[in-house]
>>> print(open('coords.txt').read())   # compact mmCIF, C-alpha atoms
# COMPACT_ATOMS: atom_id res chain seq x y z
CA MET B 199 106.12 94.35 219.84
CA LYS B 200 109.19 92.21 219.79
CA ILE B 201 110.88 94.55 217.40
CA ARG B 202 109.89 97.49 219.44
CA SER B 203 111.39 96.13 222.60
CA LEU B 204 114.55 94.97 220.86
CA LEU B 205 115.14 98.36 219.36
CA GLY B 206 114.39 99.93 222.67
CA SER B 207 117.02 97.78 224.29
CA LEU B 208 119.53 98.56 221.59
CA ALA B 209 118.87 102.20 221.99
CA ALA B 210 119.27 102.04 225.71
CA ALA B 211 122.43 100.02 225.32
CA GLY B 212 123.81 102.55 222.89
CA PHE B 213 123.39 105.32 225.36
CA ALA B 214 124.53 103.31 228.32
CA ALA B 215 127.59 102.26 226.42
CA GLY B 216 128.32 105.87 225.59
CA MET B 217 129.48 104.82 222.19
CA VAL B 218 130.98 107.37 219.92
CA ALA B 219 130.47 106.48 216.32
CA GLY B 220 133.69 106.05 214.46
CA ALA B 221 135.97 106.66 217.39
CA GLU B 222 137.98 103.97 219.09
CA THR B 223 138.22 106.12 222.19
CA ALA B 224 134.53 105.52 222.71
CA ALA B 225 134.09 104.94 226.37
CA ARG B 226 131.12 103.39 227.97
CA PRO B 227 130.39 104.73 231.42
CA LEU B 228 132.63 103.02 233.88
CA ALA B 229 130.79 99.99 235.23
CA LEU B 230 130.05 99.65 238.92
CA GLY B 231 132.79 97.61 240.57
CA SER B 232 135.45 98.84 238.15
CA PRO B 233 138.66 100.51 239.28
CA ALA B 234 139.29 104.11 238.24
CA PRO B 235 141.10 104.49 234.92
CA LYS B 236 143.91 106.96 234.25
CA THR B 237 144.83 107.13 237.91
CA THR B 238 148.46 108.01 237.35
CA GLU B 239 147.85 110.72 234.78
CA LYS B 240 149.28 113.97 236.10
CA MET B 241 146.97 116.90 235.74
CA LYS B 242 147.58 120.58 236.36
CA ASN B 243 145.98 121.73 239.58
CA VAL B 244 144.70 125.22 240.37
CA ASP B 245 147.60 125.57 242.85
CA GLY B 246 149.99 125.34 239.90
CA GLY B 247 151.21 121.85 240.78
CA GLN B 248 150.61 118.54 239.03
CA ILE B 249 148.55 115.83 240.65
CA SER B 250 147.03 112.49 239.70
CA ILE B 251 143.88 110.73 240.87
CA ALA B 252 146.05 108.14 242.64
CA GLU B 253 147.76 110.87 244.61
CA THR B 254 144.46 112.17 245.91
CA ALA B 255 143.14 108.77 247.02
CA GLY B 256 141.88 108.58 250.59
CA LYS B 257 141.99 105.69 253.03
CA HIS B 258 138.22 105.24 252.87
CA GLY B 259 137.70 106.00 249.21
CA THR B 260 138.09 108.48 246.38
CA LEU B 261 135.61 110.88 244.84
CA VAL B 262 136.18 112.02 241.27
CA ILE B 263 133.87 114.77 240.03
CA PHE B 264 133.82 115.95 236.44
CA SER B 265 133.07 119.60 236.69
CA CYS B 266 133.68 122.89 234.93
CA ASN B 267 133.21 126.62 235.38
CA ALA B 268 130.61 127.48 232.79
CA CYS B 269 127.78 125.03 233.23
CA PRO B 270 124.76 126.44 235.06
CA TRP B 271 124.07 123.01 236.50
CA VAL B 272 127.53 123.04 238.06
CA LYS B 273 126.98 126.57 239.30
CA ALA B 274 123.72 125.54 240.90
CA TRP B 275 125.42 122.67 242.72
CA GLU B 276 128.80 124.23 243.32
CA ASP B 277 128.33 125.22 246.95
CA ARG B 278 127.20 121.71 247.74
CA ILE B 279 130.07 120.20 245.79
CA ALA B 280 132.53 122.36 247.72
CA ALA B 281 130.92 121.53 251.06
CA LEU B 282 130.82 117.81 250.38
CA GLY B 283 134.35 117.73 249.02
CA ASN B 284 135.77 119.68 251.94
CA GLU B 285 133.85 117.69 254.52
CA TYR B 286 134.66 114.22 253.24
CA ARG B 287 138.25 115.07 252.45
CA GLY B 288 138.51 115.57 256.18
CA ASN B 289 136.87 112.18 256.69
CA GLY B 290 139.40 110.15 254.80
CA VAL B 291 137.93 110.32 251.30
CA GLY B 292 140.17 111.59 248.55
CA VAL B 293 138.49 114.26 246.44
CA ILE B 294 139.41 115.61 243.02
CA ALA B 295 137.41 117.79 240.65
CA ILE B 296 138.35 117.53 237.00
CA ASN B 297 137.60 119.99 234.23
CA SER B 298 137.70 118.22 230.86
CA ASN B 299 136.05 120.95 228.83
CA ASP B 300 137.94 122.43 225.92
CA PRO B 301 138.47 126.13 226.72
CA ALA B 302 138.73 126.73 222.98
CA GLN B 303 135.03 125.89 222.86
CA VAL B 304 134.06 127.37 226.21
CA ALA B 305 136.20 130.37 227.12
CA GLU B 306 134.91 130.40 230.68
CA ASP B 307 136.56 127.03 231.22
CA GLY B 308 140.09 128.41 231.07
CA PHE B 309 142.64 127.75 233.81
CA GLU B 310 142.59 131.21 235.37
CA GLU B 311 138.85 131.04 235.72
CA MET B 312 139.26 127.64 237.39
CA GLN B 313 141.70 129.15 239.90
CA LYS B 314 139.31 131.97 240.60
CA ARG B 315 136.40 129.60 241.06
CA ALA B 316 138.29 127.26 243.37
CA LYS B 317 139.32 130.21 245.52
CA GLU B 318 135.87 131.80 245.60
CA ARG B 319 134.19 128.54 246.49
CA GLY B 320 136.85 127.53 248.96
CA PHE B 321 137.75 124.18 247.41
CA GLN B 322 140.11 122.39 249.81
CA PHE B 323 140.67 119.70 247.20
CA PRO B 324 142.38 119.71 243.81
CA TYR B 325 140.57 121.13 240.80
CA VAL B 326 142.55 120.01 237.80
CA VAL B 327 142.74 120.34 234.03
CA ASP B 328 142.16 117.22 231.94
CA ALA B 329 144.27 118.71 229.17
CA THR B 330 143.37 116.11 226.57
CA SER B 331 139.82 115.33 227.79
CA GLN B 332 140.99 111.72 227.76
CA VAL B 333 140.41 111.22 231.46
CA ALA B 334 136.72 112.05 231.00
CA ALA B 335 136.65 109.77 227.97
CA ALA B 336 138.20 106.92 229.95
CA PHE B 337 135.59 107.30 232.67
CA GLY B 338 132.86 107.50 230.06
CA ALA B 339 131.76 110.77 231.61
CA THR B 340 129.30 112.71 229.47
CA ARG B 341 128.27 115.73 231.43
CA THR B 342 129.04 118.13 234.24
CA PRO B 343 128.67 117.69 237.09
CA GLU B 344 129.07 113.92 237.16
CA ALA B 345 130.42 112.08 240.21
CA PHE B 346 132.29 108.78 240.44
CA LEU B 347 132.92 107.43 243.94
CA PHE B 348 135.33 104.58 244.64
CA ASP B 349 135.45 102.65 247.88
CA ARG B 350 138.51 101.81 249.95
CA THR B 351 139.30 98.87 247.71
CA GLY B 352 139.24 101.15 244.68
CA LYS B 353 135.99 99.87 243.20
CA LEU B 354 133.35 102.16 241.72
CA VAL B 355 130.42 102.14 244.12
CA TYR B 356 128.51 105.25 243.07
CA HIS B 357 128.06 107.07 239.78
CA GLY B 358 125.79 109.99 239.08
CA ALA B 359 124.37 113.19 240.42
CA ILE B 360 125.02 115.24 243.55
CA ASP B 361 121.41 115.16 244.73
CA ASP B 362 117.90 115.33 243.32
CA ASN B 363 117.46 119.09 243.07
CA ALA B 364 120.10 121.27 241.47
CA LYS B 365 118.32 124.56 241.65
CA GLU B 366 116.62 124.49 245.01
CA PRO B 367 118.91 123.16 247.74
CA GLU B 368 116.19 123.55 250.34
CA LYS B 369 113.95 121.18 248.42
CA VAL B 370 116.42 118.33 248.09
CA GLU B 371 114.82 115.06 249.11
CA SER B 372 117.54 112.58 248.22
CA ARG B 373 121.15 113.43 248.93
CA TYR B 374 122.57 110.77 246.64
CA LEU B 375 126.24 111.61 246.84
CA ARG B 376 126.29 112.38 250.55
CA ASP B 377 124.56 109.09 251.30
CA ALA B 378 127.10 107.25 249.15
CA LEU B 379 129.99 109.06 250.85
CA GLU B 380 128.59 108.18 254.27
CA ALA B 381 128.39 104.53 253.28
CA VAL B 382 131.92 104.53 251.93
CA VAL B 383 133.35 106.10 255.07
CA ALA B 384 131.45 103.56 257.16
CA GLY B 385 132.64 100.73 254.95
CA LYS B 386 129.05 99.86 254.10
CA ASP B 387 127.30 99.05 250.86
CA VAL B 388 126.02 102.06 248.92
CA ALA B 389 122.25 101.70 248.61
CA LEU B 390 121.58 103.81 245.52
CA LYS B 391 124.52 103.29 243.19
CA GLU B 392 123.49 105.02 240.00
CA THR B 393 121.57 108.26 239.58
CA LYS B 394 121.09 110.81 236.85
CA SER B 395 120.52 114.48 236.34
CA LEU B 396 120.47 116.88 233.46
CA GLY B 397 123.81 118.48 232.90
CA CYS B 398 126.02 120.13 230.33
CA THR B 399 127.62 117.95 227.72
CA ILE B 400 131.37 117.75 228.26
CA ARG B 401 133.03 119.71 225.47
CA PHE B 402 135.70 117.23 224.51
CA ARG B 403 138.83 118.38 222.78
CA THR B 404 138.83 117.23 219.20
CA MET E 242 136.68 112.01 219.82
CA MET E 243 133.73 113.91 218.47
CA PRO E 244 131.01 113.89 217.66
CA LEU E 245 129.00 111.97 220.18
CA ASP E 246 126.73 110.79 217.47
CA PHE E 247 125.45 107.44 218.56
CA SER E 248 124.76 105.00 215.82
CA TRP E 249 122.41 102.27 216.87
CA SER E 250 123.46 100.05 214.04
CA ALA E 251 126.89 99.52 215.60
CA ALA E 252 127.30 96.34 217.58
CA ARG E 253 126.85 96.87 221.25
CA ARG E 254 125.82 95.06 224.29
CA LEU E 255 122.26 94.93 225.43
CA MET E 256 121.69 96.89 228.53
CA PRO E 257 120.42 95.03 231.53
CA VAL E 258 117.14 96.38 232.67
CA GLY E 259 118.93 98.52 235.19
CA PHE E 260 116.60 101.37 234.88
CA ALA E 261 113.39 99.82 235.92
CA LEU E 262 113.15 103.03 237.83
CA ALA E 263 111.76 104.36 234.61
CA ALA E 264 108.57 102.75 235.66
CA LEU E 265 108.18 105.27 238.40
CA ALA E 266 104.72 106.64 238.67
CA ALA E 267 103.98 109.34 236.17
CA VAL E 268 104.94 112.72 237.46
CA SER E 269 101.93 114.93 237.26
CA TRP E 270 103.59 117.74 239.12
CA THR E 271 102.74 120.98 237.46
CA GLY E 272 105.27 123.72 237.16
CA CYS E 273 105.14 126.31 239.89
CA THR E 274 106.74 129.21 238.18
CA ARG E 275 108.26 131.67 240.50
CA ALA E 276 107.95 135.38 240.07
CA GLY E 277 110.10 136.70 237.28
CA ASN E 278 112.90 139.13 237.84
CA GLY E 279 111.32 142.15 236.31
CA THR E 280 112.46 141.56 232.79
CA ARG E 281 110.64 142.55 229.67
CA ALA E 282 109.44 139.05 228.96
CA ASP E 283 107.69 138.83 232.30
CA ALA E 284 104.79 140.55 230.67
CA ALA E 285 104.45 137.54 228.45
CA GLN E 286 104.47 135.15 231.30
CA SER E 287 101.74 134.59 233.79
CA SER E 288 102.33 130.93 234.48
CA SER E 289 104.25 128.12 232.90
CA THR E 290 101.13 126.34 231.79
CA GLU E 291 99.21 128.93 229.87
CA VAL E 292 98.30 128.35 226.30
CA GLY E 293 98.69 131.18 223.86
CA ALA E 294 99.46 133.86 226.37
CA GLY E 295 100.04 137.30 224.95
CA GLY E 296 103.57 137.65 223.64
CA VAL E 297 105.80 140.65 223.55
CA GLY E 298 104.51 143.01 220.94
CA GLY E 299 100.95 141.75 221.18
CA SER E 300 101.23 138.67 218.99
CA PRO E 301 100.10 135.49 220.69
CA ALA E 302 102.99 133.53 222.14
CA ALA E 303 103.16 129.85 221.40
CA PRO E 304 102.34 127.69 224.39
CA VAL E 305 105.12 126.15 226.45
CA THR E 306 103.57 123.22 228.25
CA PRO E 307 105.10 121.34 231.17
CA ILE E 308 105.59 117.67 230.39
CA SER E 309 106.91 114.70 232.33
CA GLY E 310 109.33 112.21 230.82
CA GLN E 311 106.69 109.51 230.64
CA ASP E 312 104.17 111.82 229.00
CA LEU E 313 106.79 112.85 226.48
CA LEU E 314 107.45 109.24 225.60
CA ARG E 315 103.70 108.63 225.36
CA LYS E 316 103.41 111.60 223.03
CA VAL E 317 106.11 110.16 220.80
CA ARG E 318 104.42 106.78 220.68
CA GLU E 319 101.02 108.27 219.96
CA SER E 320 102.32 110.42 217.13
CA LYS E 321 100.96 109.57 213.71
CA ALA E 322 104.04 110.89 211.95
CA PRO E 323 106.39 108.44 210.17
CA ALA E 324 109.32 110.08 211.97
CA VAL E 325 109.46 111.97 215.25
CA LEU E 326 112.43 114.04 216.36
CA VAL E 327 112.64 115.08 220.01
CA ASN E 328 115.16 117.70 221.00
CA MET E 329 116.04 118.48 224.61
CA TRP E 330 117.54 121.91 225.01
CA ALA E 331 118.00 124.66 227.58
CA THR E 332 118.53 128.39 227.41
CA TRP E 333 121.78 128.10 229.38
CA CYS E 334 123.18 125.43 227.06
CA MET E 335 125.30 127.06 224.37
CA PRO E 336 125.46 124.12 221.95
CA CYS E 337 121.68 123.82 222.30
CA ARG E 338 121.25 127.45 221.31
CA GLU E 339 123.61 126.94 218.41
CA GLU E 340 121.76 123.99 216.92
CA PHE E 341 118.28 125.33 217.67
CA PRO E 342 117.80 127.28 214.41
CA ASP E 343 118.55 124.09 212.47
CA LEU E 344 115.83 122.25 214.33
CA VAL E 345 113.31 124.98 213.68
CA ARG E 346 114.32 124.98 210.02
CA LEU E 347 113.93 121.22 209.87
CA LYS E 348 110.48 121.48 211.34
CA ARG E 349 109.50 124.12 208.78
CA ALA E 350 110.94 122.10 205.91
CA TYR E 351 109.00 118.99 206.84
CA GLU E 352 105.90 120.66 208.19
CA GLY E 353 102.95 118.36 207.74
CA ARG E 354 105.14 115.97 205.75
CA ASP E 355 106.47 112.91 207.46
CA LEU E 356 108.30 114.50 210.38
CA GLU E 357 107.10 115.76 213.73
CA VAL E 358 109.57 117.84 215.69
CA ILE E 359 109.09 118.11 219.44
CA LEU E 360 111.18 120.68 221.31
CA VAL E 361 111.49 120.29 225.06
CA SER E 362 113.26 122.76 227.31
CA GLY E 363 115.18 121.35 230.25
CA ASP E 364 115.33 124.74 231.93
CA PHE E 365 114.53 125.29 235.56
CA ASP E 366 111.00 126.59 236.15
CA SER E 367 112.36 129.94 237.19
CA GLU E 368 113.92 130.36 233.74
CA MET E 369 110.54 130.51 232.00
CA PRO E 370 110.96 134.17 230.98
CA GLU E 371 114.28 133.27 229.39
CA VAL E 372 112.72 130.28 227.65
CA ARG E 373 109.98 132.44 226.18
CA ARG E 374 112.38 135.14 225.11
CA PHE E 375 114.60 132.62 223.34
CA LEU E 376 111.68 130.91 221.61
CA GLU E 377 110.45 134.27 220.38
CA GLU E 378 113.88 135.18 219.10
CA GLN E 379 113.91 131.92 217.20
CA GLY E 380 110.51 132.64 215.70
CA VAL E 381 108.89 129.65 217.34
CA ASP E 382 105.15 130.04 216.85
CA PHE E 383 104.21 126.42 217.50
CA PRO E 384 103.67 124.59 220.78
CA THR E 385 106.74 123.44 222.66
CA TYR E 386 107.34 121.86 226.06
CA ILE E 387 109.27 122.26 229.28
CA LYS E 388 110.41 119.47 231.54
CA THR E 389 108.63 118.92 234.84
CA GLY E 390 109.58 116.72 237.73
CA LYS E 391 112.89 115.62 239.10
CA ASP E 392 115.70 115.09 236.63
CA MET E 393 116.15 111.37 237.12
CA GLU E 394 112.44 110.65 236.89
CA PHE E 395 112.23 112.70 233.74
CA ILE E 396 115.30 111.15 232.12
CA ASN E 397 114.47 107.56 232.95
CA GLY E 398 110.76 108.04 232.31
CA PHE E 399 111.54 109.29 228.82
CA GLU E 400 114.63 107.41 227.65
CA ALA E 401 116.53 105.35 230.20
CA GLY E 402 119.64 105.15 228.05
CA TRP E 403 120.10 108.91 228.05
CA SER E 404 122.75 110.20 230.46
CA GLY E 405 121.01 113.54 230.93
CA ALA E 406 123.60 115.55 229.02
CA LEU E 407 122.25 118.42 226.93
CA PRO E 408 121.70 118.89 224.10
CA ALA E 409 120.16 115.55 223.28
CA THR E 410 118.14 114.66 220.21
CA PHE E 411 116.17 111.48 219.62
CA LEU E 412 114.75 110.14 216.37
CA TYR E 413 111.84 107.71 216.46
CA ASP E 414 110.12 105.75 213.75
CA SER E 415 106.39 105.45 213.21
CA GLY E 416 106.20 102.63 215.74
CA GLY E 417 107.69 104.84 218.42
CA SER E 418 111.01 102.98 218.44
CA LEU E 419 114.16 104.95 219.01
CA ARG E 420 116.24 104.76 215.84
CA HIS E 421 118.98 107.28 216.42
CA ALA E 422 120.15 109.63 219.09
CA TRP E 423 122.63 112.42 219.49
CA GLU E 424 124.00 113.35 222.89
CA GLU E 425 125.80 116.29 221.41
CA LYS E 426 125.13 119.23 219.13
CA GLY E 427 123.91 118.21 215.69
CA SER E 428 123.36 120.06 212.45
CA TYR E 429 120.56 120.35 209.92
CA ALA E 430 122.38 118.02 207.55
CA GLN E 431 123.03 115.41 210.24
CA PHE E 432 119.47 115.41 211.48
CA GLU E 433 118.01 115.42 207.99
CA GLN E 434 120.22 112.58 206.84
CA LYS E 435 118.98 110.31 209.60
CA VAL E 436 115.39 111.38 209.09
CA LEU E 437 115.61 110.64 205.39
CA GLU E 438 117.30 107.30 206.02
CA LEU E 439 114.46 106.44 208.30
CA LEU E 440 111.90 107.52 205.73
CA GLY E 441 113.74 105.60 203.05
CA LYS E 442 114.51 108.66 201.03
CA SER E 443 117.67 110.29 199.79
CA ALA E 444 118.50 113.93 200.41
CA ALA E 445 118.51 114.49 196.66
CA GLY E 446 115.07 112.98 196.41
CA ALA E 447 113.83 115.24 199.14
CA ALA E 448 115.29 118.23 197.35
CA ARG E 449 113.48 117.25 194.16
CA GLU E 450 110.30 116.95 196.13
CA ASP E 451 110.91 120.41 197.51
CA ALA E 452 111.42 121.79 194.05
CA SER E 453 108.29 120.27 192.64
>>> encode(input="coords.txt", output="structure tokens")
Amino acid sequence: MKIRSLLGSLAAAGFAAGMVAGAETAARPLALGSPAPKTTEKMKNVDGGQISIAETAGKHGTLVIFSCNACPWVKAWEDRIAALGNEYRGNGVGVIAINSNDPAQVAEDGFEEMQKRAKERGFQFPYVVDATSQVAAAFGATRTPEAFLFDRTGKLVYHGAIDDNAKEPEKVESRYLRDALEAVVAGKDVALKETKSLGCTIRFRT
Amino acid sequence: MMPLDFSWSAARRLMPVGFALAALAAVSWTGCTRAGNGTRADAAQSSSTEVGAGGVGGSPAAPVTPISGQDLLRKVRESKAPAVLVNMWATWCMPCREEFPDLVRLKRAYEGRDLEVILVSGDFDSEMPEVRRFLEEQGVDFPTYIKTGKDMEFINGFEAGWSGALPATFLYDSGGSLRHAWEEKGSYAQFEQKVLELLGKSAAGAAREDAS
């Protein structure tokens, strides 16, 4: 039993650490309380400009969402992502959506498609290209959509899913990200700090 | 920085028991499949729980049974096989579709011999016709599964270290301990290598066995 539980722990640690065998870029998921990495990296926005995470930061906090165009899980959540982003951007939270997928692997994740998507969905926040996929790697992001929310002091206070039901918005019971955003705006502690959902593996550039 | 092929043997920190949530009560929610969208495969689908429903073309379709994360883990632990490979896939997941034939081939190659392969769809309930169509295309004539319950309960109930990204493949030993995992597309050779390592065999040895 001892062996069993040890191996179980190792296994869990392996996943949690997000280790990539044989790669020094291996990023474990950013730990709660950590500052955002790669904040000054300029990324190409759908408006044609260049913008960094630091430049999007809000006075109450900053929301970084790893997203894409092609993933059905993103598509299912996209209206809610747009609504949340637009709403909280107006409430003093910086919002930036980042596409780290390699368009060479997923054609739908090209820049023009990103521009189209941002326009269609009415994103009032930057949707940028992580041209090396290294921003996702630094965050230890593994899938889309995956949210990282930082408080006004720049510490990670929420990491995970948008809510608990991608496909059926009317059946959502726990609005994880909205609750976290509310707490951040109010300067309160986020109750549920880590959540999970299925999602599409980020197609990292090789 | 590919592939995301986790190797448990590498040194890494132990994870605090942060996912005690995994102990959530077993989800016994049964899939409530919604009406299909009038596609051909709808004929093969009356509910998501049926066993051996008629398939397209009259041949019996293999059952696709809803399963919770905890029940999946229980199934792994109760398996008598020396090695158990669990693959989480979805019809909408391109890399999953790409690696799927390799998993079916692996199952065939090791049928009744050391390895049990468990395929679990992470599709939404409403995608059941698509799931069936894909399984048929792949020639799957053995029982497979489809996730039930909320994502986080499923993920943490099954394997708390998994981020939820698809595809994901998990290799367990005879004691039900996780020995290797891939949170990325794998190949026949990659899966087989780890299976054989676990079984204490070499690929060449396995080939000789095949030839005999």
>>> residues_near_point(input="coords.txt", point="(138.1, 105.9, 252.3)", cutoff="6 Å", atoms="only C-alpha atoms", output="list of chain:residue names")
B:Gly256, B:Lys257, B:His258, B:Gly259, B:Gly290, B:Val291, B:Arg350, B:Val383
>>> residues_around(input="coords.txt", residues="stretch 434-440 of chain E", least_positions_apart="3", cutoff="9 Å", atoms="all atoms listed in the file", output="PDB file with C-alpha atoms, keeping the file's coordinate frame")
ATOM      1  CA  PRO E 323     106.390 108.440 210.170  1.00  0.00           C
ATOM      2  CA  ALA E 324     109.320 110.080 211.970  1.00  0.00           C
ATOM      3  CA  VAL E 325     109.460 111.970 215.250  1.00  0.00           C
ATOM      4  CA  LEU E 326     112.430 114.040 216.360  1.00  0.00           C
ATOM      5  CA  ASP E 355     106.470 112.910 207.460  1.00  0.00           C
ATOM      6  CA  LEU E 356     108.300 114.500 210.380  1.00  0.00           C
ATOM      7  CA  LEU E 412     114.750 110.140 216.370  1.00  0.00           C
ATOM      8  CA  TYR E 413     111.840 107.710 216.460  1.00  0.00           C
ATOM      9  CA  ASP E 414     110.120 105.750 213.750  1.00  0.00           C
ATOM     10  CA  ARG E 420     116.240 104.760 215.840  1.00  0.00           C
ATOM     11  CA  HIS E 421     118.980 107.280 216.420  1.00  0.00           C
ATOM     12  CA  TYR E 429     120.560 120.350 209.920  1.00  0.00           C
ATOM     13  CA  ALA E 430     122.380 118.020 207.550  1.00  0.00           C
ATOM     14  CA  GLN E 431     123.030 115.410 210.240  1.00  0.00           C
ATOM     15  CA  SER E 443     117.670 110.290 199.790  1.00  0.00           C
ATOM     16  CA  ALA E 444     118.500 113.930 200.410  1.00  0.00           C
ATOM     17  CA  ALA E 447     113.830 115.240 199.140  1.00  0.00           C
TER      18      ALA E 447
END
>>> atom_distance(input="coords.txt", atom1="atom CA of E:Val345", atom2="atom CA of E:Asp392")
25.1 Å
>>> atom_distance(input="coords.txt", atom1="atom CA of B:Val355", atom2="atom CA of B:Leu230")
5.8 Å
>>> atom_distance(input="coords.txt", atom1="atom CA of B:Leu347", atom2="atom CA of B:Arg226")
16.6 Å
>>> residues_around(input="coords.txt", residues="E:Trp333", least_positions_apart="4", cutoff="9 Å", atoms="only C-alpha atoms", output="list in words")
Cys269 and Pro270 of chain B; Cys337, Arg338 and Asp364 of chain E
>>> closest_residue(input="coords.txt", among="B:Lys240, B:Arg315, B:Lys353, B:Arg403", to="B:Asp387", atoms="all atoms listed in the file")
B:Lys353
>>> closest_residue(input="coords.txt", among="E:Ser404, E:Met329, E:Pro336, E:Ser362", to="B:Gly338", atoms="all atoms listed in the file")
E:Ser404
